[in-house]
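So this block is work.cif, mmCIF, C-alpha atoms:
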data_target
loop_
_atom_site.group_PDB
_atom_site.id
_atom_site.type_symbol
_atom_site.label_atom_id
_atom_site.label_comp_id
_atom_site.auth_asym_id
_atom_site.auth_seq_id
_atom_site.Cartn_x
_atom_site.Cartn_y
_atom_site.Cartn_z
ATOM 1 C CA ASP A 1 -14.732 -3.650 -6.439
ATOM 2 C CA PRO A 2 -15.257 -6.423 -9.022
ATOM 3 C CA LEU A 3 -18.076 -7.953 -6.930
ATOM 4 C CA ARG A 4 -20.210 -4.809 -6.889
ATOM 5 C CA GLY A 5 -23.307 -5.011 -9.070
ATOM 6 C CA ALA A 6 -23.050 -8.689 -10.074
ATOM 7 C CA ALA A 7 -25.116 -11.522 -8.644
ATOM 8 C CA VAL A 8 -23.410 -13.568 -5.934
ATOM 9 C CA LYS A 9 -23.756 -17.322 -6.432
ATOM 10 C CA PRO A 10 -22.476 -20.184 -4.302
ATOM 11 C CA PHE A 11 -19.420 -21.779 -5.927
ATOM 12 C CA LYS A 12 -19.568 -25.556 -5.731
ATOM 13 C CA ASP A 13 -16.271 -26.491 -7.418
ATOM 14 C CA LYS A 14 -13.539 -27.839 -5.200
ATOM 15 C CA VAL A 15 -10.894 -25.287 -4.185
ATOM 16 C CA ASP A 16 -7.961 -27.472 -3.128
ATOM 17 C CA PHE A 17 -5.469 -24.722 -2.379
ATOM 18 C CA VAL A 18 -7.374 -23.083 0.488
ATOM 19 C CA GLU A 19 -7.678 -24.345 4.053
ATOM 20 C CA ALA A 20 -10.984 -25.813 5.264
ATOM 21 C CA GLY A 21 -13.599 -23.665 6.975
ATOM 22 C CA PHE A 22 -14.417 -21.313 4.097
ATOM 23 C CA VAL A 23 -17.557 -20.848 2.035
ATOM 24 C CA TRP A 24 -17.063 -20.050 -1.666
ATOM 25 C CA TYR A 25 -19.014 -17.585 -3.736
ATOM 26 C CA ARG A 26 -18.623 -16.557 -7.334
ATOM 27 C CA LYS A 27 -19.456 -13.111 -8.617
ATOM 28 C CA GLY A 28 -18.691 -12.724 -12.277
ATOM 29 C CA ASP A 29 -15.327 -14.398 -12.883
ATOM 30 C CA LEU A 30 -14.067 -13.924 -9.318
ATOM 31 C CA VAL A 31 -14.268 -16.623 -6.637
ATOM 32 C CA LYS A 32 -14.111 -15.286 -3.079
ATOM 33 C CA GLY A 33 -13.904 -17.157 0.183
ATOM 34 C CA TYR A 34 -15.474 -16.148 3.463
ATOM 35 C CA PRO A 35 -14.936 -17.814 6.845
ATOM 36 C CA ALA A 36 -17.949 -20.119 7.270
ATOM 37 C CA PRO A 37 -19.181 -18.608 10.591
ATOM 38 C CA VAL A 38 -19.569 -15.117 9.060
ATOM 39 C CA ALA A 39 -20.190 -15.893 5.373
ATOM 40 C CA ASP A 40 -23.892 -14.966 5.349
ATOM 41 C CA ASP A 41 -23.208 -11.675 7.131
ATOM 42 C CA MET A 42 -20.366 -10.838 4.730
ATOM 43 C CA ILE A 43 -22.510 -11.517 1.661
ATOM 44 C CA TRP A 44 -25.275 -9.327 3.111
ATOM 45 C CA ALA A 45 -22.796 -6.537 3.880
ATOM 46 C CA GLU A 46 -21.288 -6.646 0.391
ATOM 47 C CA SER A 47 -24.712 -6.455 -1.233
ATOM 48 C CA HIS A 48 -26.001 -3.586 0.965
ATOM 49 C CA LEU A 49 -22.924 -1.518 1.827
ATOM 50 C CA ARG A 50 -20.007 -0.055 -0.051
ATOM 51 C CA CYS A 51 -17.249 -2.435 1.047
ATOM 52 C CA VAL A 52 -13.646 -1.690 0.185
ATOM 53 C CA SER A 53 -12.681 -5.304 0.757
ATOM 54 C CA ALA A 54 -14.397 -8.368 2.181
ATOM 55 C CA GLY A 55 -13.375 -11.993 2.226
ATOM 56 C CA VAL A 56 -10.397 -13.229 0.283
ATOM 57 C CA ALA A 57 -10.177 -13.317 -3.517
ATOM 58 C CA VAL A 58 -9.181 -16.893 -4.263
ATOM 59 C CA ALA A 59 -9.224 -17.317 -8.032
ATOM 60 C CA SER A 60 -10.485 -16.010 -11.324
ATOM 61 C CA VAL A 61 -12.432 -18.533 -13.351
ATOM 62 C CA MET A 62 -11.559 -18.615 -17.036
ATOM 63 C CA GLU A 63 -13.886 -20.467 -19.396
ATOM 64 C CA GLY A 64 -12.264 -21.493 -22.659
ATOM 65 C CA ALA A 65 -11.957 -24.129 -25.352
ATOM 66 C CA LYS A 66 -9.974 -26.330 -22.962
ATOM 67 C CA GLY A 67 -12.646 -26.098 -20.256
ATOM 68 C CA ARG A 68 -12.698 -24.255 -16.945
ATOM 69 C CA THR A 69 -9.421 -22.997 -15.480
ATOM 70 C CA MET A 70 -8.963 -21.442 -12.060
ATOM 71 C CA VAL A 71 -6.224 -18.801 -11.984
ATOM 72 C CA PRO A 72 -5.034 -18.132 -8.413
ATOM 73 C CA GLU A 73 -5.403 -14.543 -7.194
ATOM 74 C CA ALA A 74 -2.679 -12.578 -5.413
ATOM 75 C CA ASP A 75 -4.933 -12.091 -2.356
ATOM 76 C CA ILE A 76 -4.755 -15.757 -1.429
ATOM 77 C CA THR A 77 -0.946 -15.682 -1.177
ATOM 78 C CA LEU A 78 -1.208 -12.971 1.459
ATOM 79 C CA SER A 79 -3.771 -14.904 3.494
ATOM 80 C CA GLU A 80 -3.416 -17.569 6.157
ATOM 81 C CA ALA A 81 -6.081 -19.436 4.182
ATOM 82 C CA LEU A 82 -3.523 -20.545 1.560
ATOM 83 C CA ARG A 83 -2.877 -24.275 1.862
ATOM 84 C CA ARG A 84 0.894 -24.542 1.508
ATOM 85 C CA GLY A 85 2.077 -27.403 -0.681
ATOM 86 C CA SER A 86 -0.852 -27.082 -3.088
ATOM 87 C CA PHE A 87 1.418 -25.498 -5.703
ATOM 88 C CA PRO A 88 5.095 -26.094 -6.468
ATOM 89 C CA GLU A 89 7.089 -23.511 -4.510
ATOM 90 C CA VAL A 90 10.205 -21.707 -5.699
ATOM 91 C CA GLU A 91 12.364 -19.965 -3.096
ATOM 92 C CA VAL A 92 13.768 -16.782 -4.650
ATOM 93 C CA SER A 93 16.613 -14.436 -3.799
ATOM 94 C CA LEU A 94 16.018 -10.868 -2.641
ATOM 95 C CA GLU A 95 16.859 -9.666 -6.176
ATOM 96 C CA ASP A 96 14.302 -11.996 -7.768
ATOM 97 C CA ALA A 97 11.706 -11.146 -5.103
ATOM 98 C CA LEU A 98 12.065 -7.460 -5.968
ATOM 99 C CA ARG A 99 11.929 -8.275 -9.698
ATOM 100 C CA PHE A 100 8.691 -10.164 -9.094
ATOM 101 C CA LEU A 101 7.182 -7.293 -7.068
ATOM 102 C CA ARG A 102 8.176 -4.846 -9.836
ATOM 103 C CA LYS A 103 6.709 -7.216 -12.468
ATOM 104 C CA ASP A 104 10.079 -7.460 -14.197
ATOM 105 C CA PRO A 105 10.683 -10.557 -16.364
ATOM 106 C CA LEU A 106 11.625 -13.787 -14.550
ATOM 107 C CA ALA A 107 12.413 -17.292 -15.792
ATOM 108 C CA PHE A 108 12.540 -20.613 -13.943
ATOM 109 C CA PRO A 109 13.458 -23.136 -16.670
ATOM 110 C CA SER A 110 14.143 -25.982 -14.225
ATOM 111 C CA ALA A 111 10.849 -25.543 -12.320
ATOM 112 C CA PRO A 112 7.686 -27.403 -13.335
ATOM 113 C CA LYS A 113 5.410 -25.741 -15.868
ATOM 114 C CA GLY A 114 2.175 -24.273 -14.566
ATOM 115 C CA TYR A 115 1.436 -22.119 -11.535
ATOM 116 C CA LEU A 116 4.325 -21.616 -9.117
ATOM 117 C CA LEU A 117 4.187 -20.000 -5.696
ATOM 118 C CA LEU A 118 7.217 -17.769 -5.204
ATOM 119 C CA THR A 119 8.535 -17.482 -1.655
ATOM 120 C CA TYR A 120 11.210 -15.358 -0.030
ATOM 121 C CA LYS A 121 12.672 -16.742 3.206
ATOM 122 C CA GLY A 122 9.699 -19.105 3.326
ATOM 123 C CA VAL A 123 7.081 -16.336 3.095
ATOM 124 C CA PRO A 124 4.681 -16.555 0.116
ATOM 125 C CA LEU A 125 5.003 -13.624 -2.294
ATOM 126 C CA GLY A 126 2.686 -14.484 -5.152
ATOM 127 C CA PHE A 127 2.121 -16.603 -8.224
ATOM 128 C CA VAL A 128 3.674 -16.860 -11.642
ATOM 129 C CA LYS A 129 2.628 -19.124 -14.474
ATOM 130 C CA ASN A 130 5.786 -20.870 -15.619
ATOM 131 C CA ILE A 131 5.907 -21.414 -19.365
ATOM 132 C CA GLY A 132 9.495 -22.722 -19.372
ATOM 133 C CA ASN A 133 11.615 -20.020 -20.975
ATOM 134 C CA ARG A 134 9.634 -17.238 -19.254
ATOM 135 C CA THR A 135 6.851 -16.660 -16.732
ATOM 136 C CA ASN A 136 3.609 -14.727 -16.659
ATOM 137 C CA ASN A 137 3.634 -12.670 -13.467
ATOM 138 C CA LEU A 138 0.251 -12.747 -11.692
ATOM 139 C CA TRP A 139 1.087 -9.905 -9.277
ATOM 140 C CA PRO A 140 -1.528 -7.130 -9.745
ATOM 141 C CA GLN A 141 -0.263 -4.243 -11.864
ATOM 142 C CA GLY A 142 -1.491 -1.664 -9.343
ATOM 143 C CA TRP A 143 0.471 -3.323 -6.511
ATOM 144 C CA ARG A 144 3.847 -3.319 -8.250
ATOM 145 C CA ILE A 145 6.864 -1.604 -6.753
ATOM 146 C CA ARG A 146 7.846 1.286 -8.971
ATOM 147 C CA ASN A 147 11.117 2.575 -7.491
ATOM 148 C CA VAL A 148 13.572 0.206 -5.824
#

Please re-express this file's structure in structure tokens.
Amino acid sequence: DPLRGAAVKPFKDKVDFVEAGFVWYRKGDLVKGYPAPVADDMIWAESHLRCVSAGVAVASVMEGAKGRTMVPEADITLSEALRRGSFPEVEVSLEDALRFLRKDPLAFPSAPKGYLLLTYKGVPLGFVKNIGNRTNNLWPQGWRIRNV
């Protein structure tokens, strides 16, 4: 668990792509959201118990020469907390959905550059960063489909 062992700090930056009613905390580079009514209890539990998963991973914060960038995490696409319409969405075919889930190369040259939310039949799958002639797939390596 990337939150284990690091100090939990409230995260004050605005997180536009998540529905209201969440409290944000940063631990290392990871920003996690907890439903406001149970946030204090969740933070206590994570700091005192061995939790497999708690809250929803929202973004990784990258500090660089160009400033602070928030890279959306795969967890948020699988959560009802995702605010639809916050990112450009690309509806993909079954073939492209499976390519994405296998982390095979994809390209969306006509889509806007930046983070895209891929959907299949209207259901969010995950994010890619569109560079134009190719994409960087943000699906976690350990979650990829290996044999389809």

Protein/DNA/RNA residues near (-18.2, -21.1, -3.9), cut 10 Å, all atoms listed in the file, as a PyMOL selection string: chain A and resi 8-15+22-27+30-34+58

To one decimal place, how far is CA of Asp29 in chain A from CA of Ser53 in chain A in Å? 16.6 Å

As a check of understanding, name the residues that the PyMOL selection byres ((chain A and resi 76) around 10) selects in the supplied structure, as number ranges by chain. A: 17-18, 32-33, 56-59, 72-75, 77-83, 124, 126-127

Minimum-distance residue to Pro88 in chain A, chosen among A:Val61, A:Ala36, A:Leu118, A:Leu106 (using all atoms listed in the file):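 With all atoms listed in the file as the atom set, the closest residue is A:Leu118.
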
Evaluate the PyMOL selection byres ((chain A and resi 130-134) around 6) against this structure - the residues, as a PyMOL selection string, please. chain A and resi 107+109+113-114+129+135
